[in-house]
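Below is one structure, written out as structure tokens; comments come after it.
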Amino acid sequence: MAQSTDPQQRAAWLREQLNRHGYRYYVLDDPEIPDAEYDRLFRELQALEAAHPELIAADSPTQRVGGKPLDAFLPVPHRVPMLSIRTETDTSSGGAVAFDTQIRRELELSADAEPVEYHCELKFDGLAISLRYEQGVLVQAATRGDGETGEDVTQNIRTIRSLPLRLHGAAPEVLEVRGEAYMSRPDFERYNARQRAAGLAVLVNPRNGAAGSIRQLDPQLAAKRPLSFFAYGLGEVQGWDLPTTHGALLDALATLGLPVCEERVVARGAEGLIDFHHAVAKKRDALPFDIDGVVYKVNRLDQQRQLGFRTREPRWAVAHKFPAQEELTVVEAIELQVGRTGAVTPVARLKPVFVGGVTVTNATLHNADEVARKDVRVGDTVIVRRAGDVIPEVVSVVLERRIPDAPAFQMPTNCPVCGSQILRPEGEAVARCIGGLYCRAQRKEAIRHFASRRAMDIDGLGDKLVDQLIEQDLVHDPADLYALDVQALTSLDRMGTKSAINLLEALERSKTTTLARFLYSLGIREVGEATARALERYLGTLEALLAADEPRLLQVPDIGPVAAAAIRTFFQEPHNREVLTRLQTAGVRWPTATAQMPADQPLAGKSFVLTGTLESLTRDEAAERLRALGAKVAGSVSKKTDYVVAGRDAGSKLDKARELGVSVIDEAGLLVLLGK
Ligand code: IVH
């Protein structure tokens, strides 16, 4: 059959192949063939259908994104109404116990009866959709609408790749499948990243993305907002034997090729419900899609029938919600935070609001562009989102509630802490206070970083204490920490003699460190822990690092031009060099590491003696740079000396060199060797 030349047979075979591989890819997440092969088969079917339009079938994968834009969605009466579920407002375990008690009462179960079996599912945060399959072929998809009549969204739903256009195996005459269409978090992120790159509007959250995609009249546009689907129930059914439990029903739907969420369990009694709730609450943030709670359903279908319905809700199901991840609140102020590197970040101070399980009072606004894009203003009512451990975020402004004439936010030109200029380099999102360590905010952060566990690890130097040390002008730079004494410390709030001594001891302990930690603690731009370790490993000593020019730094693995420039800039700054000296004088020390420069050190093993006056650099600088290249620099000339560098007015050492036949080079020659 695969080799059939009959177009009709070939088209049927291609459809079958494509549907099967699509299912493996989108539902099972276990593709059997490479994407390129799928594309090849797809193009072959497209070509065949173009040549023989009569071969185009409703279940052809080429027809997922078809059709013209609609003028409006047509109404679809639901033959079996689409109900909603009761939501238990008591989100504690009490809610589960109350539900189980009620079920046992309504089923008239005696106190010593077996616990009731429940099917526990996730409550997906998307849009309820009813799919109608006739003779196995997807013929219609409708929204819930008012439960009696929905809207025909077949064109858009067909674009959902994980939905079978034809059911697998022997198909029922009529099968209406109910479930949730949703946008997965990765699809949401990808879509927004694309939109942002194109300077277009982004989606507020995955749920809005799903709603927007389904309500899109143009299926081409709907296809660009990819959705997924989970089946969780049934509507009208003809010619199909129902299983005996809800769990088995979902298994059967999965066998027909429908996507069914695997996060579901059969639980017994209220305890089983509570366990499920806890397990899901823990997993919630790690799921690749949003949920807003869990759903408990009586598992046995005969018991479901016995329980029946109450107006618009089944008695056999309840939704148990999680704390909302989005809430409304008011922006009371927009303040600026100045970070360690001077980055100025606008932060919204919020009227306290309980969201995502905690009370939120601040939300980062990232940078001026972000504030402008969202147009957040003081006094605005905003949607705040906090999902899991993620930092709370202002999602969007409720414009209808804006106070008239509220002024737009403007990034000030001067630092609110030190008054220095705030500069924003061309093409960069971040604005920075140029105050450096003159700026108290930056000083505080610099000291905090210096003392942090992975840096100098100064035990007991907490945030409050750092604030005081800076505010009282006791500490201006890290070296000042080592000049603190009991008297100075006990002048601070909540600092007794005992704590002061403890801190001094911690400071003393911190002096013995490693070069990598020390470098990291300095807070040099672009120098994180890994870079600091690379510098230690490949340059070995602080002297070698101080002497290293950019080409030299670039030889260190993982150091690129940006980091190399940042390192050079830092060490060229006289004030920084002074702090280094003071830290070393205070006793900060580390074991000398042996440099293992990867690229063979050009002057490794060579011995130099410097004499006379050099023009373009001092003798010390020349010595540092020679050492950085692997050379040894000695004070007197011997037979072992390889080169004597003779500057202006060179004296006895030059004579000695000539006597011993040692090579003599001048300053120009030295600069060549140093790579200048
Ligand atoms: S069952 C007859 N199961 O929650 C019971 N609904 O009011 C029909 N939902 O918007 C619903 N996940 O779309 C059921 N696992 C799940 C669900 C679920 C989400 C939605 C449903 C409806 C609302 C229920």
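Residue names in the structure tokens use chain letters A, B, ... in the order shown, residue numbers from 1 in each chain, and ligand numbers from 1 in the order shown.
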Practice prompt. Tell me, as a list in words, which residues lie within 10 Å of A:Glu44, counting only C-alpha atoms; anything in the same chain fewer than 6 positions away does not count.
Written response: Arg10, Ala11, Leu14, Tyr38 and Ala50 of chain A
Item to complete: From a DSSP calculation on the backbone, collect every residue of stretch 249-466 of chain A in helix (DSSP H, G or I) and output the set as a PyMOL selection string.
Response: chain A and resi 249-255+269-286+301-307+368-374+399-401+436-438+440-451+463-466
Identify, counting only C-alpha atoms and all ligand atoms, the protein, DNA and RNA residues located within 6 Å of ligand 1, and give them as a PDB file with all heavy atoms, in the first residue's frame.
```pdb
ATOM      1  N   LEU A  83     -22.442  21.499  31.880  1.00  0.00           N
ATOM      2  CA  LEU A  83     -22.613  21.988  33.248  1.00  0.00           C
ATOM      3  C   LEU A  83     -21.293  22.542  33.794  1.00  0.00           C
ATOM      4  O   LEU A  83     -20.239  22.319  33.224  1.00  0.00           O
ATOM      5  CB  LEU A  83     -23.075  20.836  34.132  1.00  0.00           C
ATOM      6  CG  LEU A  83     -24.371  20.160  33.665  1.00  0.00           C
ATOM      7  CD1 LEU A  83     -24.648  18.934  34.491  1.00  0.00           C
ATOM      8  CD2 LEU A  83     -25.531  21.149  33.754  1.00  0.00           C
ATOM      9  N   SER A  84     -21.437  23.257  34.880  1.00  0.00           N
ATOM     10  CA  SER A  84     -20.195  23.638  35.568  1.00  0.00           C
ATOM     11  C   SER A  84     -20.138  22.844  36.867  1.00  0.00           C
ATOM     12  O   SER A  84     -21.045  22.077  37.161  1.00  0.00           O
ATOM     13  CB  SER A  84     -20.175  25.141  35.833  1.00  0.00           C
ATOM     14  OG  SER A  84     -21.281  25.476  36.614  1.00  0.00           O
ATOM     15  N   ILE A  85     -19.080  23.018  37.624  1.00  0.00           N
ATOM     16  CA  ILE A  85     -19.001  22.278  38.885  1.00  0.00           C
ATOM     17  C   ILE A  85     -19.027  23.240  40.054  1.00  0.00           C
ATOM     18  O   ILE A  85     -18.572  24.371  39.958  1.00  0.00           O
ATOM     19  CB  ILE A  85     -17.735  21.401  39.022  1.00  0.00           C
ATOM     20  CG1 ILE A  85     -16.702  21.748  37.967  1.00  0.00           C
ATOM     21  CG2 ILE A  85     -18.095  19.928  38.962  1.00  0.00           C
ATOM     22  CD1 ILE A  85     -15.491  20.880  38.032  1.00  0.00           C
ATOM     23  N   GLU A 121      -8.700  14.913  39.742  1.00  0.00           N
ATOM     24  CA  GLU A 121      -8.100  15.488  38.531  1.00  0.00           C
ATOM     25  C   GLU A 121      -7.616  16.909  38.807  1.00  0.00           C
ATOM     26  O   GLU A 121      -7.939  17.490  39.829  1.00  0.00           O
ATOM     27  CB  GLU A 121      -9.160  15.563  37.413  1.00  0.00           C
ATOM     28  CG  GLU A 121      -9.727  14.223  37.048  1.00  0.00           C
ATOM     29  CD  GLU A 121     -10.945  14.330  36.131  1.00  0.00           C
ATOM     30  OE1 GLU A 121     -11.180  15.398  35.549  1.00  0.00           O
ATOM     31  OE2 GLU A 121     -11.654  13.320  36.028  1.00  0.00           O
ATOM     32  N   LEU A 122      -6.909  17.443  37.846  1.00  0.00           N
ATOM     33  CA  LEU A 122      -6.499  18.842  37.943  1.00  0.00           C
ATOM     34  C   LEU A 122      -7.612  19.716  37.388  1.00  0.00           C
ATOM     35  O   LEU A 122      -8.367  19.293  36.518  1.00  0.00           O
ATOM     36  CB  LEU A 122      -5.223  19.074  37.132  1.00  0.00           C
ATOM     37  CG  LEU A 122      -4.047  18.163  37.483  1.00  0.00           C
ATOM     38  CD1 LEU A 122      -2.839  18.512  36.625  1.00  0.00           C
ATOM     39  CD2 LEU A 122      -3.702  18.295  38.966  1.00  0.00           C
ATOM     40  N   LYS A 123      -7.699  20.918  37.907  1.00  0.00           N
ATOM     41  CA  LYS A 123      -8.659  21.867  37.341  1.00  0.00           C
ATOM     42  C   LYS A 123      -7.876  22.791  36.413  1.00  0.00           C
ATOM     43  O   LYS A 123      -7.165  23.689  36.856  1.00  0.00           O
ATOM     44  CB  LYS A 123      -9.354  22.658  38.445  1.00  0.00           C
ATOM     45  CG  LYS A 123     -10.486  23.508  37.901  1.00  0.00           C
ATOM     46  CD  LYS A 123     -11.339  24.065  39.019  1.00  0.00           C
ATOM     47  CE  LYS A 123     -12.593  24.725  38.485  1.00  0.00           C
ATOM     48  NZ  LYS A 123     -12.337  25.780  37.526  1.00  0.00           N
ATOM     49  N   PHE A 124      -7.983  22.501  35.134  1.00  0.00           N
ATOM     50  CA  PHE A 124      -7.206  23.213  34.117  1.00  0.00           C
ATOM     51  C   PHE A 124      -7.754  24.619  33.942  1.00  0.00           C
ATOM     52  O   PHE A 124      -8.969  24.820  33.951  1.00  0.00           O
ATOM     53  CB  PHE A 124      -7.260  22.454  32.791  1.00  0.00           C
ATOM     54  CG  PHE A 124      -6.996  20.989  32.949  1.00  0.00           C
ATOM     55  CD1 PHE A 124      -8.015  20.059  32.783  1.00  0.00           C
ATOM     56  CD2 PHE A 124      -5.742  20.535  33.320  1.00  0.00           C
ATOM     57  CE1 PHE A 124      -7.790  18.706  32.962  1.00  0.00           C
ATOM     58  CE2 PHE A 124      -5.507  19.182  33.504  1.00  0.00           C
ATOM     59  CZ  PHE A 124      -6.532  18.265  33.321  1.00  0.00           C
ATOM     60  N   LEU A 127     -10.355  27.032  28.650  1.00  0.00           N
ATOM     61  CA  LEU A 127     -11.744  27.218  28.231  1.00  0.00           C
ATOM     62  C   LEU A 127     -12.402  25.866  27.983  1.00  0.00           C
ATOM     63  O   LEU A 127     -11.825  25.027  27.286  1.00  0.00           O
ATOM     64  CB  LEU A 127     -11.767  27.988  26.903  1.00  0.00           C
ATOM     65  CG  LEU A 127     -12.166  29.444  27.021  1.00  0.00           C
ATOM     66  CD1 LEU A 127     -11.010  30.231  27.546  1.00  0.00           C
ATOM     67  CD2 LEU A 127     -12.637  29.942  25.684  1.00  0.00           C
ATOM     68  N   ALA A 128     -13.613  25.698  28.530  1.00  0.00           N
ATOM     69  CA  ALA A 128     -14.322  24.436  28.323  1.00  0.00           C
ATOM     70  C   ALA A 128     -14.775  24.352  26.863  1.00  0.00           C
ATOM     71  O   ALA A 128     -15.298  25.312  26.301  1.00  0.00           O
ATOM     72  CB  ALA A 128     -15.517  24.365  29.248  1.00  0.00           C
ATOM     73  N   GLU A 180     -10.870  20.755  28.265  1.00  0.00           N
ATOM     74  CA  GLU A 180     -10.378  22.119  28.398  1.00  0.00           C
ATOM     75  C   GLU A 180      -9.336  22.400  27.321  1.00  0.00           C
ATOM     76  O   GLU A 180      -8.390  21.630  27.155  1.00  0.00           O
ATOM     77  CB  GLU A 180      -9.734  22.260  29.788  1.00  0.00           C
ATOM     78  CG  GLU A 180      -9.609  23.652  30.273  1.00  0.00           C
ATOM     79  CD  GLU A 180     -10.869  24.164  31.000  1.00  0.00           C
ATOM     80  OE1 GLU A 180     -11.919  23.483  30.965  1.00  0.00           O
ATOM     81  OE2 GLU A 180     -10.771  25.248  31.590  1.00  0.00           O
ATOM     82  N   TYR A 232     -11.893  15.623  29.774  1.00  0.00           N
ATOM     83  CA  TYR A 232     -12.261  15.225  31.142  1.00  0.00           C
ATOM     84  C   TYR A 232     -13.688  14.737  31.300  1.00  0.00           C
ATOM     85  O   TYR A 232     -14.127  14.471  32.415  1.00  0.00           O
ATOM     86  CB  TYR A 232     -11.962  16.326  32.150  1.00  0.00           C
ATOM     87  CG  TYR A 232     -12.574  17.685  31.833  1.00  0.00           C
ATOM     88  CD1 TYR A 232     -13.959  17.847  31.754  1.00  0.00           C
ATOM     89  CD2 TYR A 232     -11.761  18.805  31.650  1.00  0.00           C
ATOM     90  CE1 TYR A 232     -14.508  19.093  31.483  1.00  0.00           C
ATOM     91  CE2 TYR A 232     -12.300  20.043  31.386  1.00  0.00           C
ATOM     92  CZ  TYR A 232     -13.677  20.190  31.295  1.00  0.00           C
ATOM     93  OH  TYR A 232     -14.222  21.411  31.026  1.00  0.00           O
ATOM     94  N   VAL A 295     -10.129  18.857  40.946  1.00  0.00           N
ATOM     95  CA  VAL A 295     -11.536  18.468  40.839  1.00  0.00           C
ATOM     96  C   VAL A 295     -11.667  17.047  41.380  1.00  0.00           C
ATOM     97  O   VAL A 295     -10.866  16.180  41.030  1.00  0.00           O
ATOM     98  CB  VAL A 295     -12.021  18.514  39.367  1.00  0.00           C
ATOM     99  CG1 VAL A 295     -13.487  18.087  39.282  1.00  0.00           C
ATOM    100  CG2 VAL A 295     -11.850  19.904  38.774  1.00  0.00           C
ATOM    101  N   PRO A 314     -23.499  18.950  38.747  1.00  0.00           N
ATOM    102  CA  PRO A 314     -23.641  17.565  39.212  1.00  0.00           C
ATOM    103  C   PRO A 314     -23.403  17.507  40.722  1.00  0.00           C
ATOM    104  O   PRO A 314     -22.588  18.274  41.238  1.00  0.00           O
ATOM    105  CB  PRO A 314     -22.546  16.823  38.456  1.00  0.00           C
ATOM    106  CG  PRO A 314     -21.544  17.850  38.077  1.00  0.00           C
ATOM    107  CD  PRO A 314     -22.248  19.171  37.995  1.00  0.00           C
TER     108      PRO A 314
END
```
Practice prompt. Can you pull out every residue within 8 Å of A:Gly235, counting only C-alpha atoms, but drop anything in the same chain fewer than 5 positions away, and send it as a list in words?
Written response: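 That gives Arg79, Val80, Pro81, Met82, Ser130, Leu175, Glu176, Val177 and Arg178 of chain A.
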Would you mind exporting the chosen residues as a compact mmCIF listing (two decimals), in the first residue's frame, restricted to C-alpha atoms?
```txt
# COMPACT_ATOMS: atom_id res chain seq x y z
CA ARG A 79 -27.75 18.28 23.09
CA VAL A 80 -26.49 17.44 26.55
CA PRO A 81 -26.08 20.66 28.54
CA MET A 82 -22.54 21.68 29.51
CA SER A 130 -17.20 20.26 23.52
CA LEU A 175 -19.12 10.80 20.73
CA GLU A 176 -19.11 14.24 22.32
CA VAL A 177 -15.95 14.78 24.33
CA ARG A 178 -15.73 17.59 26.82
```
Worksheet entry | Which of A:Ala281, A:Met411, A:Leu507, A:Ala181 sits closest to A:Ala586 [using only C-alpha atoms] |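 Using only C-alpha atoms, A:Ala586 sits closest to A:Leu507.
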Worksheet item: Which residues come within 12 Å of A:Lys498, counting only C-alpha atoms, excluding same-chain residues fewer than 4 positions away, as a PyMOL selection string?
Response: chain A and resi 486-487+489-490+494+502-505
Discussion item. Need the shell around A:Pro226: protein/DNA/RNA residues with any atom at most 9 Å away, counting only C-alpha atoms. Skip same-chain ones fewer than 2 positions apart. Format as a PyMOL selection string?
Written reply: chain A and resi 159-161+182-184+187-188+191+209-210+213+222-224+228
Discussion item. Can you tell me, as a ChimeraX atom specification, which residues in stretch 377-458 of chain A count as strand (DSSP E or B) by DSSP?
Written reply: /A:381-385,393-397,414,421-423,431-433
Given the selection you just returned, output its residues as a file containing N, CA, C and O atoms, formatted as a short mmCIF file (atom, residue, chain, number, x, y, z; two decimals), in the first residue's frame.
```
data_model
loop_
_atom_site.label_atom_id
_atom_site.label_comp_id
_atom_site.auth_asym_id
_atom_site.auth_seq_id
_atom_site.Cartn_x
_atom_site.Cartn_y
_atom_site.Cartn_z
N THR A 381 -4.97 50.87 39.44
CA THR A 381 -5.36 49.54 39.87
C THR A 381 -4.69 48.57 38.89
O THR A 381 -4.79 48.75 37.67
N VAL A 382 -3.96 47.60 39.44
CA VAL A 382 -3.20 46.69 38.57
C VAL A 382 -3.49 45.23 38.91
O VAL A 382 -3.95 44.92 40.01
N ILE A 383 -3.21 44.37 37.94
CA ILE A 383 -3.26 42.93 38.19
C ILE A 383 -1.86 42.51 38.61
O ILE A 383 -0.89 42.77 37.91
N VAL A 384 -1.77 41.90 39.79
CA VAL A 384 -0.49 41.42 40.29
C VAL A 384 -0.48 39.91 40.21
O VAL A 384 -1.48 39.26 40.55
N ARG A 385 0.61 39.35 39.73
CA ARG A 385 0.71 37.91 39.61
C ARG A 385 1.88 37.41 40.43
O ARG A 385 2.97 37.98 40.40
N GLU A 393 4.83 40.19 40.10
CA GLU A 393 4.93 41.00 38.90
C GLU A 393 3.64 41.77 38.65
O GLU A 393 2.56 41.25 38.91
N VAL A 394 3.76 42.98 38.16
CA VAL A 394 2.58 43.69 37.72
C VAL A 394 2.30 43.23 36.29
O VAL A 394 3.13 43.39 35.41
N VAL A 395 1.16 42.59 36.09
CA VAL A 395 0.84 42.02 34.78
C VAL A 395 0.31 43.10 33.85
O VAL A 395 0.75 43.25 32.73
N SER A 396 -0.69 43.86 34.35
CA SER A 396 -1.25 44.91 33.51
C SER A 396 -2.05 45.88 34.36
O SER A 396 -2.34 45.62 35.53
N VAL A 397 -2.41 46.98 33.73
CA VAL A 397 -3.16 48.03 34.42
C VAL A 397 -4.63 47.91 34.02
O VAL A 397 -4.94 47.64 32.86
N ASN A 414 18.47 61.94 38.17
CA ASN A 414 19.47 61.82 39.22
C ASN A 414 19.11 60.72 40.22
O ASN A 414 17.93 60.49 40.48
N GLN A 421 24.27 61.47 38.60
CA GLN A 421 23.49 61.31 37.38
C GLN A 421 23.07 59.85 37.18
O GLN A 421 23.80 58.94 37.56
N ILE A 422 21.91 59.66 36.56
CA ILE A 422 21.51 58.32 36.13
C ILE A 422 21.71 58.29 34.63
O ILE A 422 21.19 59.13 33.91
N LEU A 423 22.51 57.34 34.17
CA LEU A 423 22.79 57.26 32.73
C LEU A 423 22.28 55.94 32.19
O LEU A 423 22.33 54.91 32.85
N ALA A 431 19.25 51.44 33.35
CA ALA A 431 19.78 52.77 33.66
C ALA A 431 20.62 52.61 34.93
O ALA A 431 20.25 51.84 35.81
N ARG A 432 21.73 53.34 35.00
CA ARG A 432 22.58 53.19 36.17
C ARG A 432 22.94 54.52 36.81
O ARG A 432 23.18 55.51 36.11
N CYS A 433 23.02 54.49 38.13
CA CYS A 433 23.53 55.63 38.87
C CYS A 433 25.04 55.57 38.72
O CYS A 433 25.65 54.53 38.94
#
```
Worksheet item: Can you list, as number ranges by chain, every protein, DNA or RNA residue that comes within 9 Å of stretch 355-363 of chain A when you count only C-alpha atoms, leaving out same-chain residues fewer than 3 positions away?
Response: A: 322-327, 347-352, 384-388, 391-394
Test item: residues at most 10 Å from stretch 132-149 of chain A, only C-alpha atoms, excluding those fewer than 2 positions along its chain, as a tab-separated table (two decimals) with N, CA and C atoms, in the first residue's frame:
```
chain	number	residue	atom	x	y	z
A	57	ALA	N	-9.97	15.11	2.58
A	57	ALA	CA	-10.91	14.55	3.55
A	57	ALA	C	-10.93	15.40	4.81
A	58	ALA	N	-11.99	15.27	5.58
A	58	ALA	CA	-12.15	16.08	6.80
A	58	ALA	C	-11.05	15.77	7.81
A	59	ASP	N	-10.51	14.56	7.78
A	59	ASP	CA	-9.47	14.22	8.76
A	59	ASP	C	-8.07	14.39	8.18
A	73	PHE	N	-19.26	33.75	14.95
A	73	PHE	CA	-19.38	32.33	15.28
A	73	PHE	C	-20.86	31.96	15.29
A	74	LEU	N	-21.20	30.80	14.73
A	74	LEU	CA	-22.60	30.38	14.70
A	74	LEU	C	-22.97	29.71	16.01
A	75	PRO	N	-24.23	29.85	16.43
A	75	PRO	CA	-24.63	29.19	17.69
A	75	PRO	C	-24.72	27.67	17.53
A	76	VAL	N	-24.36	26.96	18.57
A	76	VAL	CA	-24.46	25.49	18.58
A	76	VAL	C	-25.25	25.07	19.81
A	77	PRO	N	-26.46	24.52	19.63
A	77	PRO	CA	-27.19	24.03	20.80
A	77	PRO	C	-26.52	22.76	21.34
A	78	HIS	N	-26.31	22.69	22.64
A	78	HIS	CA	-25.72	21.48	23.24
A	78	HIS	C	-26.82	20.47	23.48
A	79	ARG	N	-26.69	19.28	22.90
A	79	ARG	CA	-27.75	18.28	23.09
A	79	ARG	C	-27.77	17.78	24.52
A	80	VAL	N	-26.59	17.70	25.10
A	80	VAL	CA	-26.49	17.44	26.55
A	80	VAL	C	-25.90	18.72	27.13
A	81	PRO	N	-26.58	19.37	28.06
A	81	PRO	CA	-26.08	20.66	28.54
A	81	PRO	C	-24.66	20.55	29.08
A	82	MET	N	-23.90	21.64	28.94
A	82	MET	CA	-22.54	21.68	29.51
A	82	MET	C	-22.62	22.33	30.88
A	83	LEU	N	-22.44	21.50	31.88
A	83	LEU	CA	-22.61	21.99	33.25
A	83	LEU	C	-21.29	22.54	33.79
A	84	SER	N	-21.44	23.26	34.88
A	84	SER	CA	-20.20	23.64	35.57
A	84	SER	C	-20.14	22.84	36.87
A	127	LEU	N	-10.36	27.03	28.65
A	127	LEU	CA	-11.74	27.22	28.23
A	127	LEU	C	-12.40	25.87	27.98
A	128	ALA	N	-13.61	25.70	28.53
A	128	ALA	CA	-14.32	24.44	28.32
A	128	ALA	C	-14.77	24.35	26.86
A	129	ILE	N	-14.54	23.18	26.26
A	129	ILE	CA	-14.89	22.98	24.85
A	129	ILE	C	-15.56	21.62	24.71
A	130	SER	N	-16.56	21.54	23.83
A	130	SER	CA	-17.20	20.26	23.52
A	130	SER	C	-16.83	19.87	22.09
A	151	GLU	N	-20.83	28.40	20.98
A	151	GLU	CA	-20.49	28.96	19.69
A	151	GLU	C	-19.63	27.96	18.93
A	152	ASP	N	-19.83	27.95	17.62
A	152	ASP	CA	-19.10	27.02	16.77
A	152	ASP	C	-17.67	27.53	16.54
A	153	VAL	N	-16.72	26.85	17.15
A	153	VAL	CA	-15.32	27.28	17.00
A	153	VAL	C	-14.50	26.16	16.34
A	154	THR	N	-15.17	25.37	15.50
A	154	THR	CA	-14.53	24.20	14.89
A	154	THR	C	-13.21	24.56	14.20
A	155	GLN	N	-13.23	25.61	13.39
A	155	GLN	CA	-12.02	25.96	12.62
A	155	GLN	C	-10.82	26.17	13.54
A	156	ASN	N	-11.06	26.87	14.64
A	156	ASN	CA	-9.94	27.17	15.53
A	156	ASN	C	-9.49	25.94	16.30
A	157	ILE	N	-10.46	25.13	16.72
A	157	ILE	CA	-10.11	23.95	17.50
A	157	ILE	C	-9.35	22.93	16.64
A	158	ARG	N	-9.65	22.90	15.36
A	158	ARG	CA	-8.93	21.98	14.47
A	158	ARG	C	-7.43	22.28	14.42
A	163	LEU	N	-5.10	17.23	19.02
A	163	LEU	CA	-6.45	16.65	18.90
A	163	LEU	C	-6.54	15.79	17.66
A	164	PRO	N	-7.05	14.57	17.80
A	164	PRO	CA	-7.21	13.73	16.61
A	164	PRO	C	-8.34	14.28	15.74
A	165	LEU	N	-8.09	14.35	14.44
A	165	LEU	CA	-9.17	14.73	13.53
A	165	LEU	C	-10.03	13.49	13.28
A	166	ARG	N	-9.44	12.32	13.49
A	166	ARG	CA	-10.19	11.06	13.43
A	166	ARG	C	-9.78	10.22	14.63
A	167	LEU	N	-10.78	9.63	15.31
A	167	LEU	CA	-10.48	8.82	16.49
A	167	LEU	C	-9.77	7.54	16.08
A	168	HIS	N	-8.95	7.01	16.97
A	168	HIS	CA	-8.24	5.76	16.67
A	168	HIS	C	-9.17	4.58	16.92
A	169	GLY	N	-8.97	3.50	16.16
A	169	GLY	CA	-9.70	2.25	16.41
A	169	GLY	C	-11.17	2.35	16.03
A	170	ALA	N	-11.94	1.40	16.56
A	170	ALA	CA	-13.37	1.35	16.23
A	170	ALA	C	-14.06	2.54	16.88
A	171	ALA	N	-14.73	3.35	16.06
A	171	ALA	CA	-15.28	4.60	16.57
A	171	ALA	C	-16.77	4.48	16.87
A	172	PRO	N	-17.23	5.13	17.94
A	172	PRO	CA	-18.67	5.19	18.22
A	172	PRO	C	-19.38	6.00	17.12
A	173	GLU	N	-20.70	5.78	17.00
A	173	GLU	CA	-21.46	6.57	16.03
A	173	GLU	C	-21.32	8.06	16.32
A	174	VAL	N	-21.65	8.39	17.58
A	174	VAL	CA	-21.53	9.79	18.01
A	174	VAL	C	-20.79	9.80	19.35
A	175	LEU	N	-19.80	10.66	19.45
A	175	LEU	CA	-19.12	10.80	20.73
A	175	LEU	C	-18.82	12.28	20.94
A	176	GLU	N	-19.44	12.86	21.96
A	176	GLU	CA	-19.11	14.24	22.32
A	176	GLU	C	-18.16	14.20	23.50
A	177	VAL	N	-16.98	14.78	23.29
A	177	VAL	CA	-15.95	14.78	24.33
A	177	VAL	C	-15.85	16.18	24.89
A	178	ARG	N	-15.89	16.28	26.20
A	178	ARG	CA	-15.73	17.59	26.82
A	178	ARG	C	-14.37	17.70	27.49
A	180	GLU	N	-10.87	20.75	28.27
A	180	GLU	CA	-10.38	22.12	28.40
A	180	GLU	C	-9.34	22.40	27.32
A	181	ALA	N	-9.56	23.49	26.59
A	181	ALA	CA	-8.52	23.96	25.67
A	181	ALA	C	-7.68	24.96	26.45
A	214	ILE	N	-9.18	31.08	20.73
A	214	ILE	CA	-10.44	30.42	20.39
A	214	ILE	C	-11.46	31.43	19.84
A	215	ARG	N	-11.39	32.65	20.32
A	215	ARG	CA	-12.35	33.65	19.87
A	215	ARG	C	-11.88	34.38	18.61
A	234	LEU	N	-17.80	13.66	29.11
A	234	LEU	CA	-18.58	13.32	27.92
A	234	LEU	C	-19.82	14.19	27.79
A	235	GLY	N	-20.28	14.33	26.54
A	235	GLY	CA	-21.60	14.91	26.27
A	235	GLY	C	-22.46	13.80	25.68
A	236	GLU	N	-23.03	14.06	24.49
A	236	GLU	CA	-23.89	13.03	23.87
A	236	GLU	C	-23.05	11.83	23.40
A	237	VAL	N	-23.58	10.64	23.60
A	237	VAL	CA	-22.90	9.42	23.15
A	237	VAL	C	-23.91	8.50	22.48
A	238	GLN	N	-23.56	7.98	21.30
A	238	GLN	CA	-24.41	6.97	20.65
A	238	GLN	C	-23.53	5.85	20.15
A	239	GLY	N	-23.96	4.64	20.39
A	239	GLY	CA	-23.23	3.48	19.86
A	239	GLY	C	-21.89	3.27	20.53
A	256	LEU	N	-8.73	6.15	22.40
A	256	LEU	CA	-9.27	6.66	21.14
A	256	LEU	C	-8.36	7.74	20.54
A	312	ARG	N	-27.75	23.28	37.92
A	312	ARG	CA	-26.76	23.34	36.85
A	312	ARG	C	-25.46	22.60	37.18
```
